[in-house]
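Here is structure.txt, consisting of compact mmCIF, C-alpha atoms:
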# COMPACT_ATOMS: atom_id res chain seq x y z
CA MET A 10 3.95 32.01 5.83
CA ASN A 11 2.71 29.95 8.81
CA LEU A 12 0.94 27.02 7.12
CA ILE A 13 0.36 24.41 9.83
CA SER A 14 0.53 23.89 13.56
CA GLY A 15 -0.30 21.27 16.15
CA ARG A 16 0.62 17.59 16.40
CA LEU A 17 0.64 16.01 12.94
CA LEU A 18 -0.04 12.34 12.24
CA TRP A 19 1.44 11.68 8.80
CA PRO A 20 5.15 12.45 9.37
CA LEU A 21 5.15 9.87 12.18
CA THR A 22 3.91 7.14 9.82
CA TRP A 23 7.26 7.10 7.97
CA LEU A 24 9.99 8.03 10.42
CA ASP A 25 12.80 6.88 8.13
CA ALA A 26 11.49 8.63 5.03
CA PRO A 27 14.23 9.49 2.52
CA THR A 28 16.19 12.68 3.03
CA TYR A 29 18.07 14.69 0.43
CA PRO A 30 21.04 17.07 0.44
CA LYS A 31 21.04 20.82 0.31
CA LEU A 32 22.09 22.28 -3.03
CA GLY A 33 25.77 23.12 -2.76
CA HIS A 34 26.73 24.05 -6.32
CA ASP A 35 25.40 25.67 -9.48
CA ILE A 36 23.36 23.37 -11.75
CA GLU A 37 21.44 23.28 -15.03
CA CYS A 38 18.33 21.30 -15.96
CA ASP A 39 15.54 21.09 -18.48
CA CYS A 40 12.87 21.56 -15.81
CA LEU A 41 13.00 22.93 -12.27
CA ILE A 42 10.17 22.13 -9.85
CA VAL A 43 9.90 24.46 -6.87
CA GLY A 44 8.02 22.71 -4.05
CA GLY A 45 8.15 19.17 -2.68
CA GLY A 46 4.56 18.47 -1.68
CA GLU A 47 2.15 16.19 -3.53
CA ALA A 48 1.81 18.54 -6.50
CA GLY A 49 5.56 18.88 -7.01
CA ALA A 50 6.13 15.18 -6.44
CA SER A 51 3.43 14.25 -8.96
CA CYS A 52 4.88 16.59 -11.60
CA ALA A 53 8.39 15.26 -10.98
CA TYR A 54 7.19 11.67 -11.33
CA GLU A 55 5.37 12.31 -14.62
CA LEU A 56 8.16 14.36 -16.21
CA THR A 57 11.05 12.09 -15.27
CA LYS A 58 9.18 9.05 -16.58
CA LEU A 59 9.36 10.72 -19.99
CA GLY A 60 13.07 11.38 -19.63
CA VAL A 61 12.87 15.10 -18.88
CA ASP A 62 15.99 16.20 -16.98
CA THR A 63 14.28 17.45 -13.81
CA VAL A 64 15.42 19.03 -10.55
CA LEU A 65 13.13 19.46 -7.54
CA VAL A 66 13.92 21.83 -4.67
CA ASP A 67 12.08 22.52 -1.44
CA LYS A 68 12.93 25.12 1.18
CA GLN A 69 12.01 22.61 3.91
CA ARG A 70 11.88 18.82 3.93
CA ILE A 71 9.81 16.88 1.42
CA GLY A 72 6.14 16.86 2.38
CA ALA A 73 6.66 19.16 5.35
CA GLY A 74 4.22 21.83 4.21
CA SER A 75 0.48 21.55 3.64
CA THR A 76 0.88 17.96 2.41
CA SER A 77 1.58 16.83 5.98
CA ALA A 78 -1.74 18.37 7.07
CA ASN A 79 -3.77 16.98 4.14
CA THR A 80 -6.34 14.49 5.43
CA GLY A 81 -5.95 12.25 2.39
CA LEU A 82 -9.55 11.98 1.19
CA VAL A 83 -9.74 10.94 -2.44
CA HIS A 84 -13.18 11.35 -4.00
CA PHE A 85 -14.34 12.43 -7.44
CA ALA A 86 -17.09 14.61 -5.96
CA ASN A 87 -16.06 18.12 -5.02
CA ASP A 88 -16.95 20.94 -2.67
CA LYS A 89 -18.60 22.38 -5.79
CA SER A 90 -21.28 19.97 -6.97
CA LEU A 91 -21.53 18.71 -10.54
CA THR A 92 -24.84 20.55 -10.83
CA SER A 93 -23.12 23.81 -9.86
CA CYS A 94 -20.15 23.14 -12.15
CA ILE A 95 -22.48 22.70 -15.12
CA HIS A 96 -24.33 25.88 -14.19
CA THR A 97 -21.10 27.86 -13.89
CA PHE A 98 -18.99 26.47 -16.72
CA GLY A 99 -21.52 24.87 -19.05
CA GLU A 100 -22.34 21.21 -19.54
CA ARG A 101 -19.22 20.25 -21.46
CA ALA A 102 -16.67 21.84 -19.15
CA GLY A 103 -18.50 21.07 -15.88
CA LEU A 104 -18.88 17.42 -16.82
CA GLN A 105 -15.30 17.17 -18.04
CA PHE A 106 -14.04 18.42 -14.67
CA TYR A 107 -15.88 15.65 -12.83
CA LYS A 108 -14.73 13.05 -15.35
CA LEU A 109 -11.15 14.17 -14.85
CA CYS A 110 -11.53 13.75 -11.09
CA ARG A 111 -12.98 10.27 -11.50
CA GLN A 112 -10.17 9.28 -13.88
CA ALA A 113 -7.61 10.73 -11.47
CA VAL A 114 -8.76 8.29 -8.77
CA ASN A 115 -8.01 5.43 -11.15
CA ASP A 116 -4.69 6.99 -12.16
CA LEU A 117 -3.72 7.43 -8.53
CA GLU A 118 -4.48 3.78 -7.82
CA LYS A 119 -2.33 2.67 -10.77
CA THR A 120 0.55 4.92 -9.78
CA SER A 121 0.37 3.77 -6.15
CA GLY A 122 1.11 0.24 -7.32
CA GLU A 123 4.19 1.41 -9.25
CA LEU A 124 5.93 3.15 -6.35
CA ASP A 125 8.82 1.82 -4.29
CA THR A 126 6.80 2.46 -1.13
CA PHE A 127 3.04 1.91 -1.05
CA PRO A 128 1.22 5.09 0.08
CA ASP A 129 -1.66 3.24 1.79
CA PHE A 130 -4.08 3.78 -1.09
CA MET A 131 -7.37 2.02 -0.37
CA ARG A 132 -10.62 2.11 -2.31
CA ARG A 133 -13.60 3.36 -0.30
CA GLU A 134 -17.22 4.27 -0.79
CA SER A 135 -18.33 7.80 0.11
CA LEU A 136 -21.44 8.79 2.02
CA TYR A 137 -22.53 12.38 1.39
CA PHE A 138 -25.50 13.10 3.66
CA ALA A 139 -27.94 15.95 4.01
CA SER A 140 -27.17 17.79 7.21
CA CYS A 141 -30.79 18.95 7.50
CA GLU A 142 -34.15 18.60 5.78
CA GLU A 143 -33.66 21.91 3.98
CA ASP A 144 -30.67 20.43 2.10
CA LEU A 145 -32.61 17.49 0.67
CA HIS A 146 -33.75 19.21 -2.50
CA LYS A 147 -30.23 20.13 -3.64
CA LEU A 148 -28.91 16.72 -2.56
CA LYS A 149 -31.52 14.89 -4.66
CA GLN A 150 -30.85 17.23 -7.57
CA GLU A 151 -27.14 16.43 -7.36
CA TYR A 152 -27.86 12.70 -7.23
CA GLU A 153 -30.01 12.98 -10.35
CA THR A 154 -27.27 14.94 -12.15
CA LEU A 155 -24.55 12.44 -11.19
CA SER A 156 -26.74 9.50 -12.11
CA ARG A 157 -27.76 11.00 -15.45
CA TYR A 158 -24.14 11.33 -16.50
CA GLY A 159 -23.19 7.81 -15.46
CA PHE A 160 -21.37 8.34 -12.16
CA PRO A 161 -21.52 5.34 -9.78
CA VAL A 162 -23.98 6.67 -7.18
CA ALA A 163 -27.03 5.48 -5.28
CA TYR A 164 -29.54 7.47 -3.27
CA LEU A 165 -30.27 6.45 0.31
CA GLU A 166 -33.50 7.46 1.99
CA ALA A 167 -33.60 8.06 5.74
CA ALA A 168 -34.72 4.48 6.39
CA ASN A 169 -31.79 3.10 4.34
CA ILE A 170 -29.32 5.18 6.32
CA ARG A 171 -30.87 4.12 9.62
CA ALA A 172 -30.57 0.46 8.62
CA ARG A 173 -26.87 0.73 7.75
CA PHE A 174 -25.47 3.27 10.18
CA PRO A 175 -25.83 4.12 13.89
CA PHE A 176 -27.18 7.58 13.05
CA GLU A 177 -30.15 9.16 11.31
CA LYS A 178 -30.02 11.61 8.40
CA PRO A 179 -32.78 12.70 6.02
CA GLY A 180 -30.99 11.42 2.89
CA ALA A 181 -27.58 10.70 1.37
CA ILE A 182 -25.67 9.95 -1.82
CA LEU A 183 -23.57 6.79 -1.66
CA SER A 184 -20.72 6.82 -4.21
CA ASN A 185 -18.47 4.00 -5.36
CA GLY A 186 -14.91 4.29 -6.59
CA ASP A 187 -13.41 6.77 -4.11
CA ALA A 188 -10.40 6.15 -1.88
CA GLU A 189 -8.18 7.19 0.99
CA ILE A 190 -4.40 7.69 0.94
CA ASN A 191 -1.49 8.76 3.14
CA PRO A 192 -0.52 12.04 1.42
CA TYR A 193 2.85 12.30 3.15
CA LYS A 194 3.84 8.80 2.04
CA ASN A 195 2.51 9.54 -1.42
CA ALA A 196 4.70 12.63 -1.89
CA HIS A 197 7.79 10.86 -0.59
CA ALA A 198 7.16 7.68 -2.58
CA LEU A 199 6.62 9.58 -5.84
CA ILE A 200 9.94 11.41 -5.41
CA GLN A 201 11.73 8.29 -4.18
CA THR A 202 10.65 6.41 -7.30
CA ALA A 203 11.26 9.34 -9.66
CA ARG A 204 14.91 9.33 -8.65
CA HIS A 205 15.27 6.03 -10.53
CA HIS A 206 14.38 7.98 -13.67
CA GLY A 207 17.01 10.64 -12.99
CA LEU A 208 15.27 13.17 -10.73
CA ARG A 209 17.66 15.30 -8.69
CA VAL A 210 16.28 16.43 -5.32
CA TYR A 211 17.52 19.11 -2.95
CA GLU A 212 15.95 19.90 0.42
CA GLU A 213 16.43 23.00 2.55
CA THR A 214 17.11 24.87 -0.68
CA GLN A 215 15.11 28.08 -0.92
CA VAL A 216 14.74 30.01 -4.14
CA GLN A 217 15.06 33.71 -3.38
CA ARG A 218 14.68 35.32 -6.80
CA HIS A 219 14.94 34.60 -10.50
CA GLU A 220 16.12 36.27 -13.67
CA ALA A 221 14.33 35.68 -16.97
CA GLY A 222 16.41 34.93 -20.04
CA LYS A 223 15.40 34.43 -23.65
CA ASP A 224 15.29 30.64 -23.51
CA TYR A 225 15.64 29.91 -19.79
CA ASN A 226 15.42 31.30 -16.28
CA ILE A 227 18.15 31.62 -13.70
CA PHE A 228 17.06 30.99 -10.10
CA ILE A 229 19.18 32.21 -7.21
CA THR A 230 18.93 30.44 -3.84
CA THR A 231 19.37 32.11 -0.48
CA ASP A 232 22.89 30.67 -0.43
CA GLY A 233 23.73 32.21 -3.77
CA ARG A 234 23.56 28.98 -5.80
CA ARG A 235 22.35 29.31 -9.39
CA ILE A 236 19.89 26.98 -11.10
CA GLN A 237 19.49 27.42 -14.86
CA ALA A 238 16.24 25.88 -16.12
CA LYS A 239 14.57 25.87 -19.53
CA LYS A 240 11.19 25.36 -17.89
CA THR A 241 10.02 25.85 -14.31
CA VAL A 242 7.01 24.53 -12.42
CA PHE A 243 5.90 26.31 -9.26
CA THR A 244 4.13 23.93 -6.89
CA THR A 245 4.47 26.21 -3.91
CA GLY A 246 0.89 25.86 -2.72
CA TYR A 247 -0.67 28.62 -0.68
CA GLU A 248 2.65 30.44 -0.39
CA THR A 249 2.35 31.23 -4.10
CA GLN A 250 -0.01 34.04 -3.11
CA GLU A 251 3.04 35.81 -1.69
CA ILE A 252 4.77 35.48 -5.06
CA LYS A 253 1.78 36.57 -7.14
CA PRO A 254 -1.65 37.04 -5.52
CA ASN A 255 -4.53 35.66 -7.56
CA PRO A 256 -8.00 37.19 -7.18
CA ASN A 257 -9.64 33.79 -7.64
CA ALA A 258 -7.92 32.37 -4.55
CA VAL A 259 -9.67 32.42 -1.17
CA MET A 260 -7.96 31.44 2.08
CA SER A 261 -9.31 30.13 5.37
CA SER A 262 -8.28 27.90 8.28
CA THR A 263 -9.16 24.25 8.76
CA TYR A 264 -8.84 21.74 11.60
CA ALA A 265 -8.43 17.98 11.98
CA ILE A 266 -7.85 15.30 14.58
CA ALA A 267 -6.81 11.65 14.51
CA THR A 268 -7.86 9.24 17.24
CA LYS A 269 -5.83 6.47 18.75
CA PRO A 270 -6.25 3.16 16.86
CA VAL A 271 -9.79 1.83 17.28
CA GLU A 272 -10.05 -1.89 17.98
CA ALA A 273 -13.18 -2.59 15.96
CA LEU A 274 -14.91 -0.64 13.21
CA ALA A 275 -17.84 -2.98 12.62
CA TYR A 276 -20.24 -0.10 13.27
CA TRP A 277 -18.81 1.71 10.23
CA PRO A 278 -19.98 -0.15 7.09
CA THR A 279 -17.22 -0.49 4.45
CA ARG A 280 -15.27 2.21 6.34
CA CYS A 281 -16.66 4.69 3.82
CA ILE A 282 -15.62 8.33 3.63
CA ILE A 283 -18.27 10.49 5.27
CA TRP A 284 -19.06 14.13 4.61
CA GLU A 285 -22.08 16.41 4.61
CA THR A 286 -23.95 19.21 2.87
CA ALA A 287 -23.43 21.79 5.64
CA ARG A 288 -20.87 24.52 5.01
CA PRO A 289 -18.41 24.44 6.59
CA TYR A 290 -18.73 20.67 6.65
CA LEU A 291 -17.52 17.80 8.79
CA PHE A 292 -15.73 14.85 7.19
CA MET A 293 -14.45 11.52 8.49
CA ARG A 294 -12.28 8.66 7.25
CA THR A 295 -10.28 5.75 8.64
CA THR A 296 -6.55 5.03 8.27
CA ALA A 297 -4.46 1.96 7.52
CA ASP A 298 -3.77 1.50 11.25
CA ASN A 299 -7.44 1.84 12.25
CA ARG A 300 -7.44 5.43 13.39
CA VAL A 301 -10.32 7.76 12.67
CA ILE A 302 -9.58 11.15 11.14
CA ILE A 303 -12.17 13.86 11.64
CA GLY A 304 -11.79 17.25 10.01
CA GLY A 305 -13.53 20.42 8.97
CA LEU A 306 -15.23 23.18 10.96
CA ASP A 307 -13.32 25.71 8.88
CA GLU A 308 -12.95 29.32 9.91
CA THR A 309 -12.62 32.34 7.64
CA THR A 310 -9.61 33.64 9.56
CA THR A 311 -6.15 33.43 8.04
CA ASP A 312 -4.38 34.83 11.08
CA PRO A 313 -2.15 32.01 12.38
CA ASP A 314 -2.35 33.13 16.01
CA GLU A 315 -6.14 33.23 15.95
CA ARG A 316 -6.24 29.89 14.13
CA ASP A 317 -3.98 28.27 16.72
CA ARG A 318 -5.90 29.69 19.68
CA LYS A 319 -9.01 27.92 18.41
CA LEU A 320 -7.34 24.51 18.01
CA PRO A 321 -8.03 23.14 21.54
CA ALA A 322 -11.73 23.96 21.28
CA LYS A 323 -11.91 22.65 17.72
CA GLN A 324 -10.26 19.42 18.84
CA LYS A 325 -13.01 18.81 21.38
CA GLU A 326 -15.78 19.86 19.00
CA LEU A 327 -14.58 17.59 16.20
CA LEU A 328 -14.50 14.56 18.48
CA GLN A 329 -17.93 15.40 19.89
CA GLU A 330 -19.38 15.66 16.38
CA ALA A 331 -17.88 12.30 15.46
CA ILE A 332 -19.36 10.68 18.58
CA LYS A 333 -22.79 11.99 17.60
CA LEU A 334 -22.50 9.92 14.43
CA PHE A 335 -20.73 6.94 15.98
CA PRO A 336 -21.45 6.62 19.71
CA ALA A 337 -18.95 3.73 19.89
CA LEU A 338 -16.21 6.35 19.58
CA SER A 339 -17.14 7.82 22.96
CA GLY A 340 -14.16 6.17 24.60
CA SER A 341 -11.70 7.40 21.99
CA ASP A 342 -9.16 10.18 22.44
CA ALA A 343 -7.69 12.57 19.90
CA GLU A 344 -4.04 11.56 19.86
CA TYR A 345 -3.23 14.06 17.10
CA ALA A 346 -4.74 17.47 16.42
CA TRP A 347 -3.66 20.06 13.92
CA ALA A 348 -4.72 23.24 12.18
CA GLY A 349 -3.68 24.64 8.86
CA LEU A 350 -4.15 27.29 6.24
CA PHE A 351 -6.57 26.09 3.57
CA GLY A 352 -6.96 27.54 0.11
CA GLY A 353 -9.79 27.27 -2.37
CA THR A 354 -10.98 29.29 -5.32
CA HIS A 355 -14.10 31.37 -5.85
CA ASP A 356 -15.19 29.29 -8.83
CA GLY A 357 -14.25 25.91 -7.34
CA LEU A 358 -11.51 24.79 -9.75
CA PRO A 359 -7.75 24.60 -9.14
CA LEU A 360 -5.34 26.89 -10.98
CA ILE A 361 -3.03 25.19 -13.47
CA GLY A 362 -0.90 26.63 -16.26
CA ARG A 363 0.92 29.84 -17.11
CA GLN A 364 0.73 33.22 -15.41
CA ALA A 365 1.55 36.56 -16.98
CA GLY A 366 4.93 37.93 -15.98
CA PHE A 367 6.58 34.52 -15.55
CA PRO A 368 8.17 33.45 -18.85
CA HIS A 369 9.03 29.75 -19.26
CA CYS A 370 7.04 29.03 -16.06
CA TYR A 371 4.01 26.95 -15.14
CA PHE A 372 2.01 26.83 -11.92
CA ALA A 373 0.17 23.92 -10.33
CA LEU A 374 -1.94 25.42 -7.55
CA VAL A 375 -4.12 22.54 -6.37
CA TYR A 376 -6.43 24.66 -4.23
CA GLY A 377 -9.59 23.03 -2.92
CA GLY A 378 -10.72 20.01 -0.92
CA ASN A 379 -9.43 17.53 -3.49
CA GLY A 380 -5.75 18.43 -3.42
CA THR A 381 -4.40 14.93 -3.95
CA LEU A 382 -6.56 14.37 -7.04
CA TYR A 383 -5.86 17.86 -8.35
CA SER A 384 -2.13 17.10 -8.04
CA THR A 385 -2.61 14.08 -10.27
CA ILE A 386 -4.60 16.10 -12.82
CA ALA A 387 -2.11 18.98 -12.72
CA ALA A 388 0.84 16.65 -13.30
CA ARG A 389 -0.74 15.27 -16.50
CA ILE A 390 -1.53 18.76 -17.78
CA ILE A 391 1.89 20.22 -16.91
CA ARG A 392 3.57 17.21 -18.53
CA GLY A 393 1.65 17.90 -21.74
CA LEU A 394 2.35 21.63 -21.71
CA ILE A 395 6.09 21.06 -21.25
CA THR A 396 6.68 18.08 -23.52
CA GLU A 397 4.10 18.69 -26.23
CA GLY A 398 3.28 22.38 -25.93
CA SER A 399 -0.39 21.83 -25.12
CA HIS A 400 -2.94 19.71 -23.29
CA PRO A 401 -6.65 19.41 -24.17
CA ASP A 402 -7.79 20.04 -20.60
CA ALA A 403 -5.51 23.00 -19.89
CA PRO A 404 -8.09 25.66 -20.87
CA LEU A 405 -10.44 24.53 -18.09
CA PHE A 406 -7.92 25.41 -15.37
CA ARG A 407 -6.17 28.40 -16.91
CA PHE A 408 -5.51 31.40 -14.69
CA ASP A 409 -7.34 33.85 -16.96
CA ARG A 410 -10.56 31.82 -17.21
CA PRO A 411 -13.86 33.75 -16.96
CA LYS A 412 -15.04 34.45 -13.43
CA ARG A 413 -18.53 33.16 -14.13
CA ASP A 414 -19.87 32.31 -17.56
CA PRO A 415 -22.45 29.54 -18.09
CA GLY A 416 -21.42 29.35 -21.73
CA PHE A 417 -17.74 28.77 -21.01
CA SER A 418 -16.48 25.41 -22.23
CA VAL A 419 -13.24 23.65 -23.03
CA GLY A 420 -11.98 24.10 -26.57
Output the file's structure as structure tokens, nothing else.
Amino acid sequence: MNLISGRLLWPLTWLDAPTYPKLGHDIECDCLIVGGGEAGASCAYELTKLGVDTVLVDKQRIGAGSTSANTGLVHFANDKSLTSCIHTFGERAGLQFYKLCRQAVNDLEKTSGELDTFPDFMRRESLYFASCEEDLHKLKQEYETLSRYGFPVAYLEAANIRARFPFEKPGAILSNGDAEINPYKNAHALIQTARHHGLRVYEETQVQRHEAGKDYNIFITTDGRRIQAKKTVFTTGYETQEIKPNPNAVMSSTYAIATKPVEALAYWPTRCIIWETARPYLFMRTTADNRVIIGGLDETTTDPDERDRKLPAKQKELLQEAIKLFPALSGSDAEYAWAGLFGGTHDGLPLIGRQAGFPHCYFALVYGGNGTLYSTIAARIIRGLITEGSHPDAPLFRFDRPKRDPGFSVG
């Protein structure tokens, strides 16, 4: 599956990132993790901390898949609003989802400070603005919902926005407690640190098939090596749809650019994350070396050739949209531009847990615009399912959850 294309920023921010050998012999382990992106790295980190004998394999290099195209926005708000989550899943479950996302930001910050290499985690505010007057009603409704349940938000009228920013919008929600991160560094640093707890890592090791046993699975690589595992976690991202398609998954294409370092960002108060109510939406963030990342303008196509043909035009459009908000960027160039396959779900939640037909296996499919946070949530849930047999939040993300049921709740 062709996941990404273009010139990527993140792999160039850690040129001497750790490398790992190819599996050259048969092995056994308590837990096998298939996939070395943020989801796999997070699961490996959590499991090895508890002493679980864990092996991680990736058919490429660590972080070389969708993680290297992730724009690294970390915010508790989601593409699916809290208001919509409550409507779809009921008050208890909808609210719990948002609380989990908020807690995951805090967990990610704590973990970032424990790693051998710091993944450029930085706390940021988020500005979520109404793209047009027609969106104001739903925006205000979402602010009232967030505020009622104690989330750290403020509402900005048009005059407030005009006073703080070099652009005008009819209204916005300003959130505290969000962040930005380098997702490539995060995946590598999690695995690098997990090795101190006994994690074994093999790159360029592709699992071709597996055989289910009574108490374990046997995985066969393309080179004929055998991995015997009591438990297995698939963190294979969008490529999982080739293993077992899920009707809740929906795929599209997304685009992003990164400018050259910008000398001064005084026109950008608190360097907050910026996104909007329009769908598809535009989003912006800064980086540790003062670049500006602009992304969005998603397309429904999943054809890689069509996606790639649109990249040059999307590159120009993204920069033009950013300049509309911040005219001071008019002299900036897009030094990096990339496109990638993007996966979400019809109901707005990631897919975490067991799937029928895969004994002794768990899946962490962190589909959606909050992949880094979902990886953190998935790792906690998978850890509980493997080491304790259950986790209180697992029912919310199960694969066989109702498609749409306002009465659905956890427990």
When you look at segment 172-183 of chain A with a cut-off of 6 Å (counting all atoms listed in the file), what residues show up, excluding the ones that are within fewer than 2 positions of it in the same chain? I need them as a tab-separated table (two decimals) with C-alpha atoms, in the frame of the given file.
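What follows is the written file part-v8.tsv:
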chain	number	residue	atom	x	y	z
A	135	SER	CA	-18.33	7.80	0.11
A	136	LEU	CA	-21.44	8.79	2.02
A	137	TYR	CA	-22.53	12.38	1.39
A	138	PHE	CA	-25.50	13.10	3.66
A	139	ALA	CA	-27.94	15.95	4.01
A	162	VAL	CA	-23.98	6.67	-7.18
A	163	ALA	CA	-27.03	5.48	-5.28
A	164	TYR	CA	-29.54	7.47	-3.27
A	165	LEU	CA	-30.27	6.45	0.31
A	166	GLU	CA	-33.50	7.46	1.99
A	167	ALA	CA	-33.60	8.06	5.74
A	169	ASN	CA	-31.79	3.10	4.34
A	170	ILE	CA	-29.32	5.18	6.32
A	334	LEU	CA	-22.50	9.92	14.43
Report as a Markdown table the residues of segment 294-354 of chain A within 10 Å of segment 187-205 of chain A, each with its shortest atom pair and distance in Å (one decimal), using all atoms listed in the file, ordered by chain and increasing residue number.
| residue | atom | partner | partner_atom | distance |
| --- | --- | --- | --- | --- |
| A:Arg294 | CA | A:Glu189 | CA | 7.6 |
| A:Thr295 | CA | A:Glu189 | CA | 8.1 |
| A:Thr296 | CA | A:Glu189 | CA | 7.8 |
| A:Ala297 | CA | A:Asn191 | CA | 8.6 |
| Counting all atoms listed in the file, the option among A:Thr97, A:Gln105, A:Asn255, A:Asn379 closest to Asp402 of chain A |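 Closest to Asp402 of chain A of all the choices is A:Gln105.
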| field | Spatial neighbours of Ser14 of chain A, 7 Å, all atoms listed in the file, chain gap at least 5 places, as a list in words | value |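 Surrounding residues, per the criterion: Trp347, Ala348 and Gly349 of chain A.
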| said: Report, in Å to a single decimal, how far apart atom CA of Leu306 of chain A and atom CA of Asp88 of chain A are. | reply: 13.9 Å
| message | Restricting the calculation to only C-alpha atoms: of A:Asp298, A:Glu134, A:Glu55, A:Asp317, which residue gets closest to Thr120 of chain A? | response |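 Looking at the shortest contact to Thr120 of chain A, the residue is A:Glu55.
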